[in-house]
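Engineer: This one is input.csv, CSV, C-alpha atoms.
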```
chain,number,residue,atom,x,y,z
A,117,MET,CA,-90.8,-222.2,-147.4
A,118,ASN,CA,-89.0,-224.3,-144.8
A,119,ILE,CA,-88.1,-223.3,-141.3
A,120,PHE,CA,-84.5,-222.4,-142.2
A,121,GLU,CA,-85.7,-220.0,-145.0
A,122,ALA,CA,-88.3,-218.5,-142.7
A,123,LEU,CA,-85.8,-217.8,-140.0
A,124,GLN,CA,-83.4,-216.4,-142.6
A,125,THR,CA,-86.1,-214.1,-143.9
A,126,PHE,CA,-87.0,-213.0,-140.3
A,127,TRP,CA,-83.3,-212.3,-139.5
A,128,PHE,CA,-82.8,-210.1,-142.5
A,129,SER,CA,-85.9,-208.1,-141.4
A,130,THR,CA,-84.5,-207.3,-138.0
A,131,GLY,CA,-82.7,-204.2,-136.9
A,132,ALA,CA,-79.6,-206.2,-135.8
A,133,ALA,CA,-79.1,-207.5,-139.4
A,134,ASN,CA,-79.5,-204.0,-140.9
A,135,PHE,CA,-77.6,-201.8,-138.6
A,136,SER,CA,-74.8,-199.7,-140.0
A,137,LEU,CA,-71.9,-198.4,-137.9
A,138,GLY,CA,-73.1,-194.8,-138.5
A,139,GLN,CA,-76.5,-195.6,-137.2
A,140,ALA,CA,-75.1,-197.1,-134.1
A,141,VAL,CA,-72.9,-194.0,-133.5
A,142,MET,CA,-75.9,-191.7,-134.0
A,143,ILE,CA,-78.0,-193.7,-131.6
A,144,PHE,CA,-75.2,-193.3,-129.0
A,145,ILE,CA,-75.2,-189.5,-129.7
A,146,GLY,CA,-78.9,-189.5,-129.2
A,147,LEU,CA,-78.5,-191.2,-125.9
A,148,LEU,CA,-75.7,-188.7,-125.0
A,149,LEU,CA,-78.1,-185.8,-125.7
A,150,ILE,CA,-80.7,-187.4,-123.5
A,151,TYR,CA,-78.1,-187.9,-120.7
A,152,LEU,CA,-77.0,-184.3,-120.9
A,153,GLY,CA,-80.7,-183.2,-120.8
A,154,ILE,CA,-81.6,-185.3,-117.8
A,155,LYS,CA,-78.5,-185.7,-115.7
A,156,LYS,CA,-76.8,-182.4,-116.5
A,157,GLN,CA,-80.1,-180.5,-117.1
A,158,PHE,CA,-78.7,-178.9,-120.3
A,159,GLU,CA,-81.8,-177.5,-122.0
A,160,PRO,CA,-83.7,-180.8,-121.2
A,161,LEU,CA,-87.0,-179.5,-122.8
A,162,LEU,CA,-85.2,-179.7,-126.2
A,163,LEU,CA,-82.2,-182.0,-125.9
A,164,VAL,CA,-84.3,-184.9,-124.6
A,165,PRO,CA,-86.8,-184.8,-127.5
A,166,ILE,CA,-84.0,-184.1,-130.0
A,167,GLY,CA,-82.0,-187.0,-128.7
A,168,PHE,CA,-85.0,-189.3,-128.8
A,169,GLY,CA,-85.9,-188.2,-132.3
A,170,GLY,CA,-82.3,-188.8,-133.3
A,171,ILE,CA,-82.6,-192.4,-132.1
A,172,LEU,CA,-85.8,-192.9,-134.0
A,173,ALA,CA,-84.2,-191.4,-137.1
A,174,ASN,CA,-81.5,-194.1,-137.1
A,175,VAL,CA,-83.7,-197.1,-136.7
A,176,PRO,CA,-83.0,-199.3,-139.7
A,177,VAL,CA,-85.6,-200.7,-142.1
A,178,VAL,CA,-88.6,-198.6,-141.2
A,179,GLU,CA,-87.3,-195.1,-142.2
A,180,LEU,CA,-89.2,-193.2,-139.5
A,181,ALA,CA,-87.5,-189.9,-140.5
A,182,SER,CA,-88.5,-189.9,-144.2
A,183,THR,CA,-91.0,-187.3,-145.2
A,184,THR,CA,-92.2,-189.5,-148.1
A,185,LEU,CA,-91.7,-193.2,-149.1
A,186,ASN,CA,-91.7,-194.7,-152.5
A,187,ARG,CA,-93.4,-198.1,-152.8
A,188,ILE,CA,-93.6,-200.3,-155.9
A,189,VAL,CA,-97.2,-201.4,-156.7
A,190,GLY,CA,-97.2,-203.7,-159.8
A,191,THR,CA,-95.3,-201.7,-162.4
A,192,GLU,CA,-95.9,-198.3,-160.8
A,193,ILE,CA,-94.0,-196.3,-158.1
A,194,VAL,CA,-96.4,-195.0,-155.5
A,195,THR,CA,-95.4,-192.2,-153.2
A,196,GLU,CA,-96.8,-192.4,-149.7
A,197,LEU,CA,-96.4,-190.5,-146.4
A,198,GLY,CA,-93.2,-191.3,-144.6
A,199,GLY,CA,-92.4,-192.1,-141.0
A,200,PHE,CA,-94.1,-190.3,-138.2
A,201,ILE,CA,-91.2,-188.0,-137.2
A,202,GLY,CA,-90.7,-187.3,-140.9
A,203,GLN,CA,-94.3,-186.2,-141.2
A,204,ILE,CA,-93.9,-184.0,-138.1
A,205,TYR,CA,-90.8,-182.4,-139.7
A,206,GLY,CA,-92.7,-181.8,-143.0
A,207,PHE,CA,-95.6,-180.2,-141.2
A,208,GLY,CA,-93.8,-178.1,-138.7
A,209,ILE,CA,-90.3,-177.4,-139.8
A,210,GLU,CA,-90.5,-177.2,-143.6
A,211,THR,CA,-93.4,-174.9,-143.3
A,212,GLY,CA,-91.7,-172.8,-140.6
A,213,ILE,CA,-94.8,-173.2,-138.3
A,214,PHE,CA,-93.1,-174.7,-135.2
A,215,PRO,CA,-90.5,-171.9,-134.6
A,216,LEU,CA,-93.1,-169.3,-135.1
A,217,LEU,CA,-95.5,-170.9,-132.5
A,218,VAL,CA,-92.5,-171.2,-130.1
A,219,PHE,CA,-91.8,-167.5,-130.6
A,220,MET,CA,-95.5,-166.7,-129.9
A,221,GLY,CA,-95.2,-168.6,-126.6
A,222,VAL,CA,-91.9,-166.9,-125.8
A,223,GLY,CA,-93.5,-163.5,-126.4
A,224,ALA,CA,-96.3,-164.4,-124.0
A,225,LEU,CA,-93.6,-165.3,-121.4
A,226,THR,CA,-91.4,-162.3,-121.9
A,227,ASP,CA,-91.4,-159.1,-119.9
A,228,PHE,CA,-90.1,-156.2,-122.0
A,229,GLY,CA,-90.4,-153.8,-119.1
A,230,PRO,CA,-86.6,-153.7,-118.4
A,231,LEU,CA,-85.9,-152.8,-122.0
A,232,ILE,CA,-88.6,-150.2,-122.1
A,233,ALA,CA,-87.3,-148.7,-118.8
A,234,ASN,CA,-83.8,-148.5,-120.1
A,235,PRO,CA,-83.9,-148.4,-123.9
A,236,LYS,CA,-80.2,-147.9,-124.4
A,237,THR,CA,-79.6,-151.5,-123.4
A,238,ALA,CA,-81.1,-152.4,-126.8
A,239,LEU,CA,-77.7,-151.4,-128.2
A,240,LEU,CA,-76.2,-154.2,-126.2
A,241,GLY,CA,-78.6,-156.7,-127.6
A,242,ALA,CA,-77.8,-155.5,-131.1
A,243,ALA,CA,-74.0,-155.7,-130.5
A,244,ALA,CA,-74.3,-159.3,-129.4
A,245,GLN,CA,-75.5,-160.1,-132.9
A,246,PHE,CA,-72.1,-159.2,-134.3
A,247,GLY,CA,-71.1,-162.8,-133.7
A,248,ILE,CA,-73.6,-163.9,-136.4
A,249,PHE,CA,-72.1,-161.8,-139.2
A,250,THR,CA,-68.5,-162.4,-138.1
A,251,THR,CA,-69.1,-166.2,-138.2
A,252,LEU,CA,-70.8,-165.9,-141.6
A,253,VAL,CA,-67.6,-164.5,-143.0
A,254,GLY,CA,-65.6,-167.1,-141.1
A,255,SER,CA,-67.6,-169.9,-142.6
A,256,LEU,CA,-67.0,-168.6,-146.1
A,257,ALA,CA,-63.3,-168.3,-145.3
A,258,LEU,CA,-63.2,-171.8,-143.9
A,259,SER,CA,-64.8,-173.1,-147.1
A,260,LYS,CA,-62.4,-171.2,-149.3
A,261,TYR,CA,-59.2,-172.3,-147.6
A,262,LEU,CA,-60.2,-175.7,-146.2
A,263,GLY,CA,-62.9,-176.7,-148.6
A,264,PHE,CA,-60.8,-179.6,-149.9
A,265,LEU,CA,-61.2,-181.2,-146.4
A,266,GLY,CA,-65.0,-181.1,-146.7
A,267,PHE,CA,-65.8,-177.7,-145.2
A,268,ASP,CA,-67.7,-176.7,-148.3
A,269,PHE,CA,-70.2,-174.0,-147.1
A,270,ASN,CA,-72.0,-171.7,-149.5
A,271,LEU,CA,-73.5,-168.3,-148.5
A,272,ALA,CA,-76.8,-169.9,-147.4
A,273,ASP,CA,-75.0,-172.4,-145.3
A,274,ALA,CA,-72.7,-169.7,-143.8
A,275,ALA,CA,-75.8,-167.6,-142.9
A,276,SER,CA,-77.5,-170.6,-141.2
A,277,ILE,CA,-74.3,-171.4,-139.2
A,278,GLY,CA,-73.8,-167.8,-138.2
A,279,ILE,CA,-77.2,-167.5,-136.6
A,280,ILE,CA,-76.1,-169.9,-133.9
A,281,GLY,CA,-74.3,-166.9,-132.4
A,282,GLY,CA,-77.7,-165.4,-131.5
A,283,ALA,CA,-78.2,-168.3,-129.0
A,284,ASP,CA,-81.8,-168.5,-130.1
A,285,GLY,CA,-82.8,-172.0,-131.0
A,286,PRO,CA,-86.2,-171.3,-132.8
A,287,THR,CA,-84.6,-168.6,-134.9
A,288,ALA,CA,-81.7,-170.9,-135.9
A,289,ILE,CA,-84.2,-173.6,-136.9
A,290,PHE,CA,-86.4,-171.2,-138.8
A,291,LEU,CA,-83.5,-169.7,-140.8
A,292,SER,CA,-81.7,-173.0,-141.5
A,293,SER,CA,-85.0,-174.7,-142.6
A,294,LYS,CA,-85.4,-171.9,-145.2
A,295,LEU,CA,-81.8,-171.6,-146.4
A,296,SER,CA,-79.9,-174.9,-145.5
A,297,PRO,CA,-82.4,-177.7,-144.5
A,298,HIS,CA,-79.6,-180.3,-145.0
A,299,LEU,CA,-77.7,-178.7,-142.1
A,300,LEU,CA,-80.7,-178.4,-139.8
A,301,GLY,CA,-79.8,-181.2,-137.4
A,302,ALA,CA,-76.2,-180.1,-136.8
A,303,ILE,CA,-77.2,-176.4,-136.5
A,304,ALA,CA,-80.0,-177.1,-134.1
A,305,VAL,CA,-77.9,-179.3,-131.9
A,306,ALA,CA,-75.1,-176.7,-131.8
A,307,ALA,CA,-77.5,-173.9,-131.1
A,308,TYR,CA,-79.2,-175.6,-128.2
A,309,SER,CA,-76.0,-177.1,-126.8
A,310,TYR,CA,-74.3,-173.7,-126.6
A,311,MET,CA,-77.5,-172.2,-125.1
A,312,ALA,CA,-77.3,-174.9,-122.4
A,313,MET,CA,-73.6,-174.1,-121.8
A,314,VAL,CA,-74.1,-170.4,-121.2
A,315,PRO,CA,-73.1,-170.8,-117.6
A,316,ILE,CA,-69.9,-172.5,-118.7
A,317,VAL,CA,-68.9,-170.5,-121.8
A,318,GLN,CA,-69.7,-167.0,-120.8
A,319,PRO,CA,-68.1,-166.4,-117.3
A,320,PRO,CA,-64.5,-166.8,-118.5
A,321,ILE,CA,-65.1,-164.3,-121.4
A,322,MET,CA,-66.8,-161.9,-118.9
A,323,ARG,CA,-63.9,-162.0,-116.5
A,324,LEU,CA,-61.3,-161.7,-119.3
A,325,LEU,CA,-62.8,-158.6,-120.7
A,326,THR,CA,-63.6,-156.8,-117.4
A,327,ASN,CA,-61.7,-155.9,-114.3
A,328,LYS,CA,-63.1,-156.2,-110.7
A,329,THR,CA,-63.9,-152.5,-110.5
A,330,GLU,CA,-66.1,-152.7,-113.6
A,331,ARG,CA,-67.8,-155.9,-112.4
A,332,GLU,CA,-68.6,-154.1,-109.1
A,333,ILE,CA,-70.5,-151.3,-110.8
A,334,LYS,CA,-74.0,-150.9,-109.2
A,335,MET,CA,-76.8,-149.7,-111.3
A,336,GLU,CA,-79.8,-147.5,-110.4
A,337,GLN,CA,-83.2,-149.2,-109.9
A,338,LEU,CA,-85.2,-149.3,-113.0
A,339,ARG,CA,-88.3,-147.0,-113.3
A,340,SER,CA,-91.8,-148.4,-113.2
A,341,VAL,CA,-93.2,-149.1,-116.7
A,342,SER,CA,-96.9,-148.3,-117.3
A,343,LYS,CA,-99.4,-150.6,-118.8
A,344,THR,CA,-99.9,-148.3,-121.8
A,345,GLU,CA,-96.2,-148.4,-122.6
A,346,ARG,CA,-96.3,-152.2,-122.4
A,347,ILE,CA,-99.2,-152.4,-124.8
A,348,ILE,CA,-97.7,-149.8,-127.3
A,349,PHE,CA,-94.3,-151.5,-127.3
A,350,PRO,CA,-95.1,-154.7,-129.3
A,351,LEU,CA,-97.2,-152.7,-131.7
A,352,ALA,CA,-94.5,-150.2,-132.3
A,353,VAL,CA,-91.8,-152.8,-132.8
A,354,LEU,CA,-94.0,-154.7,-135.3
A,355,GLY,CA,-94.7,-151.4,-137.1
A,356,ILE,CA,-91.0,-150.6,-137.4
A,357,CYS,CA,-90.3,-154.1,-138.6
A,358,ILE,CA,-93.0,-153.9,-141.3
A,359,ILE,CA,-91.6,-150.6,-142.6
A,360,LEU,CA,-87.9,-151.4,-142.5
A,361,LEU,CA,-87.6,-155.2,-142.7
A,362,PRO,CA,-90.7,-157.2,-143.8
A,363,THR,CA,-88.7,-160.4,-144.1
A,364,ALA,CA,-88.4,-160.4,-140.3
A,365,THR,CA,-92.1,-160.0,-139.6
A,366,PRO,CA,-92.9,-163.8,-139.3
A,367,LEU,CA,-90.6,-164.1,-136.2
A,368,ILE,CA,-91.1,-160.5,-134.9
A,369,GLY,CA,-94.9,-160.7,-135.5
A,370,ALA,CA,-95.3,-164.0,-133.6
A,371,LEU,CA,-93.1,-162.7,-130.8
A,372,MET,CA,-95.0,-159.4,-130.5
A,373,PHE,CA,-98.4,-161.0,-130.8
A,374,GLY,CA,-97.6,-163.3,-127.9
A,375,ASN,CA,-96.4,-160.4,-125.8
A,376,LEU,CA,-99.5,-158.3,-126.7
A,377,ILE,CA,-102.0,-160.9,-125.5
A,378,LYS,CA,-100.0,-161.1,-122.2
A,379,GLU,CA,-99.8,-157.3,-121.6
A,380,CYS,CA,-103.2,-156.2,-122.7
A,381,GLY,CA,-104.8,-157.8,-119.6
A,382,VAL,CA,-108.1,-158.9,-121.3
A,383,MET,CA,-106.9,-162.2,-122.8
A,384,GLU,CA,-105.7,-164.1,-119.7
A,385,ARG,CA,-107.0,-167.4,-121.0
A,386,LEU,CA,-105.2,-167.1,-124.3
A,387,ALA,CA,-102.0,-165.8,-122.7
A,388,ARG,CA,-102.0,-168.8,-120.3
A,389,ALA,CA,-102.5,-171.2,-123.3
A,390,ALA,CA,-99.6,-169.6,-125.2
A,391,GLN,CA,-97.4,-169.8,-122.1
A,392,ASN,CA,-98.2,-173.4,-121.3
A,393,GLU,CA,-100.2,-175.8,-123.4
A,394,MET,CA,-99.2,-174.4,-126.8
A,395,ILE,CA,-95.5,-173.9,-126.3
A,396,ASN,CA,-95.2,-177.2,-124.4
A,397,ILE,CA,-96.8,-179.3,-127.2
A,398,VAL,CA,-94.9,-177.5,-129.9
A,399,THR,CA,-91.6,-177.9,-128.0
A,400,ILE,CA,-92.1,-181.7,-127.9
A,401,LEU,CA,-92.9,-181.9,-131.6
A,402,LEU,CA,-90.1,-179.4,-132.5
A,403,GLY,CA,-87.5,-181.5,-130.7
A,404,LEU,CA,-88.6,-184.8,-132.4
A,405,ALA,CA,-88.7,-183.0,-135.8
A,406,VAL,CA,-85.2,-181.7,-135.4
A,407,GLY,CA,-84.0,-185.1,-134.2
A,408,SER,CA,-85.3,-186.5,-137.5
A,409,LYS,CA,-82.4,-184.8,-139.2
A,410,LEU,CA,-79.8,-186.5,-137.1
A,411,SER,CA,-79.5,-189.5,-139.4
A,412,ALA,CA,-76.0,-190.9,-139.8
A,413,GLY,CA,-75.8,-189.9,-143.5
A,414,GLN,CA,-76.5,-186.2,-142.7
A,415,PHE,CA,-74.8,-185.7,-139.3
A,416,LEU,CA,-71.6,-187.8,-139.4
A,417,THR,CA,-69.6,-185.5,-141.7
A,418,ILE,CA,-66.7,-183.2,-141.5
A,419,ARG,CA,-69.1,-180.3,-142.0
A,420,THR,CA,-70.7,-181.1,-138.7
A,421,VAL,CA,-67.4,-180.6,-137.0
A,422,GLY,CA,-67.0,-177.3,-138.7
A,423,ILE,CA,-70.5,-176.2,-137.7
A,424,LEU,CA,-69.9,-177.0,-134.0
A,425,MET,CA,-66.6,-175.1,-134.1
A,426,LEU,CA,-68.0,-172.1,-135.9
A,427,GLY,CA,-71.1,-172.1,-133.6
A,428,LEU,CA,-68.9,-171.8,-130.5
A,429,LEU,CA,-67.0,-169.0,-132.2
A,430,ALA,CA,-70.2,-167.2,-133.0
A,431,PHE,CA,-71.4,-167.5,-129.5
A,432,ALA,CA,-68.1,-166.3,-127.9
A,433,ILE,CA,-67.9,-163.3,-130.3
A,434,GLY,CA,-71.5,-162.3,-129.5
A,435,THR,CA,-70.8,-162.4,-125.8
A,436,ALA,CA,-67.6,-160.4,-126.2
A,437,THR,CA,-69.0,-157.7,-128.4
A,438,GLY,CA,-71.9,-157.0,-126.0
A,439,ILE,CA,-69.4,-156.5,-123.1
A,440,LEU,CA,-67.1,-154.3,-125.2
A,441,LEU,CA,-69.9,-152.1,-126.4
A,442,ALA,CA,-71.0,-151.6,-122.7
A,443,LYS,CA,-67.5,-150.5,-121.9
A,444,LEU,CA,-67.5,-148.1,-124.8
A,445,MET,CA,-70.8,-146.7,-123.8
A,446,ASN,CA,-69.5,-146.0,-120.3
A,447,LEU,CA,-67.1,-143.5,-121.8
A,448,PHE,CA,-70.0,-141.2,-122.6
A,449,LEU,CA,-72.7,-142.1,-120.0
A,450,ARG,CA,-73.1,-140.0,-116.8
A,451,HIS,CA,-74.4,-143.1,-115.0
A,452,PRO,CA,-72.2,-146.0,-116.1
A,453,ILE,CA,-73.7,-149.4,-116.8
A,454,ASN,CA,-72.1,-152.7,-115.6
A,455,PRO,CA,-70.4,-154.2,-118.6
A,456,LEU,CA,-71.4,-157.7,-117.5
A,457,ILE,CA,-75.0,-157.0,-118.7
A,458,GLY,CA,-73.6,-156.7,-122.2
A,459,ALA,CA,-73.0,-160.5,-122.2
A,460,ALA,CA,-76.7,-161.0,-121.8
A,461,GLY,CA,-77.3,-159.5,-125.3
A,462,VAL,CA,-77.3,-163.1,-126.6
A,463,SER,CA,-80.9,-164.2,-126.6
A,464,ALA,CA,-80.6,-167.2,-124.3
A,465,VAL,CA,-83.5,-165.9,-122.1
A,466,PRO,CA,-83.3,-165.8,-119.1
A,467,MET,CA,-80.1,-167.9,-118.6
A,468,ALA,CA,-77.7,-165.2,-119.9
A,469,ALA,CA,-79.2,-162.6,-117.6
A,470,ARG,CA,-78.8,-165.0,-114.6
A,471,VAL,CA,-75.2,-165.6,-115.5
A,472,ALA,CA,-74.5,-161.8,-115.6
A,473,ASN,CA,-76.2,-161.4,-112.2
A,474,LYS,CA,-74.2,-164.3,-110.8
A,475,VAL,CA,-70.8,-163.0,-111.9
A,476,GLY,CA,-71.7,-159.5,-110.7
A,477,LYS,CA,-72.6,-160.8,-107.2
A,478,GLU,CA,-69.3,-162.6,-107.1
A,479,ALA,CA,-67.5,-159.3,-107.4
A,480,ASN,CA,-70.0,-157.4,-105.1
A,481,PRO,CA,-72.5,-159.4,-103.0
A,482,GLN,CA,-74.8,-156.4,-102.9
A,483,ASN,CA,-74.9,-156.1,-106.7
A,484,TYR,CA,-78.2,-157.1,-108.3
A,485,LEU,CA,-78.0,-157.1,-112.0
A,486,LEU,CA,-80.8,-159.5,-113.0
A,487,MET,CA,-83.4,-157.0,-114.1
A,488,HIS,CA,-80.9,-154.7,-115.7
A,489,ALA,CA,-79.5,-157.7,-117.7
A,490,MET,CA,-83.0,-158.6,-118.8
A,491,GLY,CA,-83.0,-155.5,-121.0
A,492,PRO,CA,-80.3,-156.6,-123.4
A,493,ASN,CA,-81.4,-160.2,-123.0
A,494,VAL,CA,-84.9,-159.6,-124.4
A,495,ALA,CA,-83.4,-157.1,-126.9
A,496,GLY,CA,-81.2,-160.0,-128.1
A,497,VAL,CA,-84.3,-162.0,-128.9
A,498,ILE,CA,-85.5,-159.2,-131.1
A,499,GLY,CA,-82.0,-158.7,-132.5
A,500,SER,CA,-81.6,-162.3,-133.5
A,501,ALA,CA,-84.9,-162.3,-135.3
A,502,VAL,CA,-84.0,-159.1,-137.1
A,503,ALA,CA,-80.6,-160.6,-138.1
A,504,ALA,CA,-82.5,-163.6,-139.5
A,505,GLY,CA,-84.7,-161.3,-141.5
A,506,VAL,CA,-81.7,-159.5,-142.9
A,507,LEU,CA,-80.1,-162.8,-144.0
A,508,LEU,CA,-83.4,-164.0,-145.5
A,509,ALA,CA,-83.6,-160.7,-147.5
A,510,VAL,CA,-79.9,-160.6,-148.5
A,511,VAL,CA,-78.8,-164.2,-149.1
A,512,PRO,CA,-81.2,-165.0,-152.1
A,513,VAL,CA,-80.0,-161.7,-153.8
A,514,PHE,CA,-76.5,-163.0,-153.9
A,515,GLY,CA,-77.5,-166.5,-155.0
A,516,GLY,CA,-77.5,-168.3,-151.7
```
How does the structure come out when it is put into structure tokens?

Structural biologist:
Amino acid sequence: MNIFEALQTFWFSTGAANFSLGQAVMIFIGLLLIYLGIKKQFEPLLLVPIGFGGILANVPVVELASTTLNRIVGTEIVTELGGFIGQIYGFGIETGIFPLLVFMGVGALTDFGPLIANPKTALLGAAAQFGIFTTLVGSLALSKYLGFLGFDFNLADAASIGIIGGADGPTAIFLSSKLSPHLLGAIAVAAYSYMAMVPIVQPPIMRLLTNKTEREIKMEQLRSVSKTERIIFPLAVLGICIILLPTATPLIGALMFGNLIKECGVMERLARAAQNEMINIVTILLGLAVGSKLSAGQFLTIRTVGILMLGLLAFAIGTATGILLAKLMNLFLRHPINPLIGAAGVSAVPMAARVANKVGKEANPQNYLLMHAMGPNVAGVIGSAVAAGVLLAVVPVFGG
């Protein structure tokens, strides 16, 4: 082989010679996610790893995002392990392990005290899940009437898209990995993007659906919750889930186990590990694994545009229904609740509760709604997991 042939062989092995336009676009999108995470601080713990994983997924030649690779050895085709982020995806996402470990850590970080002290706020967390099922129907309608444009979503796809409305990234990843793994990248990016944009998306909806008098409503201080109640609560929720909706027990079980080791008071070391080392490591790997699904062939489609639009619709409806139910409840309650806390029913913890508190303080500087908003906020975490369990139980029955 002469020098010219050697140089030619080297050139065709470089990334520059093998880049496609789609890969270049997706690398730009990965950089954009990293920018939003670092500069704008939009969910940096997830957007930065997802963006970096998306860049790696679009590196030509090496196929880092493949779960398996086929190599020709003599006359046989040998299947080998794929690229490293593909292996991470196969281990943690295909099996559903990563979202469950995240939920365990979330449980160890969550204080269910405000929900226990004011159980009626659980209804607001449930109402906020209305966006999930409304968007499911909307996805099917979009597929029926605009399917010829590429918006071809089946029931499983529609269910996976709808769960974005719960504003719960791990739940969205868990459900879409089971029902529509080919849409995982777009769904995960949409879910975490809208979670990050809670302070932007929610306030206009909150102001539109409430008047100044409603936003000024002050709520009574929550009662103190005993340690016994805190220990019984996760066990009771798990028991109800086992009896009524076993398909939700992976998520609910992980969440409640994490909360139990925090609240029992005799497992401080394990609680700290769940709150810190475990959830941090899994968050890194989860982000890279999700990013592995941001390859140009999977992401740059008209379906992705539909997912982003429907995800925003789901999130907006979930916010609105929580507020509207709070207003309806006030017609029957002796001590009215501030409707703003209904917007916290989406499970973006604790950001949605902070936004409700901020908008309330704008109307009345003496209004402190944070702890009250945490009730529907943590109820939303449970609600989104229950909604995922319902979809996992129902969708296969109707053929996905």

Engineer: For CA of Leu161 (chain A) and CA of Ile213 (chain A), determine how far apart the two atoms are, in Å to one decimal place.

Structural biologist: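 According to the coordinates, CA of Leu161 (chain A) and CA of Ile213 (chain A) are separated by 18.5 Å.
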
Engineer: Expressed in Å to a single decimal, how great is the separation between CA of Gly198 (chain A) and CA of Ser182 (chain A)?

Structural biologist: 4.9 Å

Engineer: If we count all atoms listed in the file and set the cut-off at 12 Å, which residues sit around Glu336 (chain A), ignoring sequence neighbours fewer than 4 positions away in its own chain? Please answer as a PyMOL selection string.

Structural biologist: chain A and resi 233-234+450-454+483-485+487-488

Engineer: Each residue of region 381-499 of chain A with at least one atom at most 12 Å from region 347-359 of chain A should appear once, together with its nearest atom pair and the corresponding distance in Å (one decimal); atoms considered: only C-alpha atoms; ordering: chain, then increasing residue number; output as a Markdown table.

Structural biologist:
```
| residue | atom | partner | partner_atom | distance |
| --- | --- | --- | --- | --- |
| A:Gly381 | CA | A:Ile347 | CA | 9.4 |
| A:Val382 | CA | A:Ile347 | CA | 11.6 |
| A:Ala495 | CA | A:Val353 | CA | 11.1 |
| A:Ile498 | CA | A:Val353 | CA | 9.1 |
| A:Gly499 | CA | A:Cys357 | CA | 11.3 |
```

Engineer: For the atom pair CA of Ile377 (chain A) and CA of Leu217 (chain A), what is the interatomic distance in Å to one decimal place?

Structural biologist: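 One can read the CA of Ile377 (chain A) to CA of Leu217 (chain A) distance as 13.8 Å.
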
Engineer: Could you tell me which of A:Ala489, A:Asn392, A:Leu240, A:Glu379 comes closest to Lys443 (chain A) if we count all atoms listed in the file?

Structural biologist: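 Residue with the minimum atom-to-atom distance to Lys443 (chain A): A:Leu240.
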
Engineer: Given the choices A:Pro176, A:Pro315, A:Gly458, A:Gly285, which gets closest to Gly427 (chain A) if the distance is worked out from only C-alpha atoms?

Structural biologist: A:Gly285

Engineer: Give me the residues near region 387-391 of chain A as a ChimeraX atom specification, where near means some atom within 10 Å (using all atoms listed in the file) and where sequence neighbours in that chain fewer than 5 positions away do not count.

Structural biologist: /A:217-226,374-382,396

Engineer: I'd like the neighbourhood of Ser259 (chain A) as a list in words, where a residue qualifies if any of its atoms comes within 10 Å (using only C-alpha atoms), though same-chain residues fewer than 5 positions away should be ignored.

Structural biologist: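 Once the nearby chain positions are removed, what remains is Val253, Gly254, Phe264, Leu265, Gly266, Phe267, Asp268, Phe269, Asn270, Ala274, Arg419 and Gly422 of chain A.
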
Engineer: Give me the residues near Gly170 (chain A) as a PDB file with C-alpha atoms, in the coordinates of the input, where near means some atom within 10 Å (using all atoms listed in the file) and where sequence neighbours in that chain fewer than 5 positions away do not count.

Structural biologist:
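So result_8.pdb came out as:
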```
ATOM      1  CA  GLN A 139     -76.500-195.600-137.200  1.00  0.00           C
ATOM      2  CA  MET A 142     -75.900-191.700-134.000  1.00  0.00           C
ATOM      3  CA  ILE A 143     -78.000-193.700-131.600  1.00  0.00           C
ATOM      4  CA  PHE A 144     -75.200-193.300-129.000  1.00  0.00           C
ATOM      5  CA  ILE A 145     -75.200-189.500-129.700  1.00  0.00           C
ATOM      6  CA  GLY A 146     -78.900-189.500-129.200  1.00  0.00           C
ATOM      7  CA  LEU A 147     -78.500-191.200-125.900  1.00  0.00           C
ATOM      8  CA  LEU A 149     -78.100-185.800-125.700  1.00  0.00           C
ATOM      9  CA  VAL A 164     -84.300-184.900-124.600  1.00  0.00           C
ATOM     10  CA  PRO A 165     -86.800-184.800-127.500  1.00  0.00           C
ATOM     11  CA  VAL A 175     -83.700-197.100-136.700  1.00  0.00           C
ATOM     12  CA  ALA A 181     -87.500-189.900-140.500  1.00  0.00           C
ATOM     13  CA  ILE A 201     -91.200-188.000-137.200  1.00  0.00           C
ATOM     14  CA  GLY A 301     -79.800-181.200-137.400  1.00  0.00           C
ATOM     15  CA  GLY A 403     -87.500-181.500-130.700  1.00  0.00           C
ATOM     16  CA  LEU A 404     -88.600-184.800-132.400  1.00  0.00           C
ATOM     17  CA  ALA A 405     -88.700-183.000-135.800  1.00  0.00           C
ATOM     18  CA  VAL A 406     -85.200-181.700-135.400  1.00  0.00           C
ATOM     19  CA  GLY A 407     -84.000-185.100-134.200  1.00  0.00           C
ATOM     20  CA  SER A 408     -85.300-186.500-137.500  1.00  0.00           C
ATOM     21  CA  LYS A 409     -82.400-184.800-139.200  1.00  0.00           C
ATOM     22  CA  LEU A 410     -79.800-186.500-137.100  1.00  0.00           C
ATOM     23  CA  SER A 411     -79.500-189.500-139.400  1.00  0.00           C
ATOM     24  CA  ALA A 412     -76.000-190.900-139.800  1.00  0.00           C
TER      25      ALA A 412
END
```

Engineer: Let me make sure I understand: among A:Arg331, A:Thr251, A:Asn118, A:Gln318, which one has the smallest atom-to-atom distance to Gln482 (chain A) if we use all atoms listed in the file?

Structural biologist: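 For Gln482 (chain A), the nearest of the candidates is A:Arg331.
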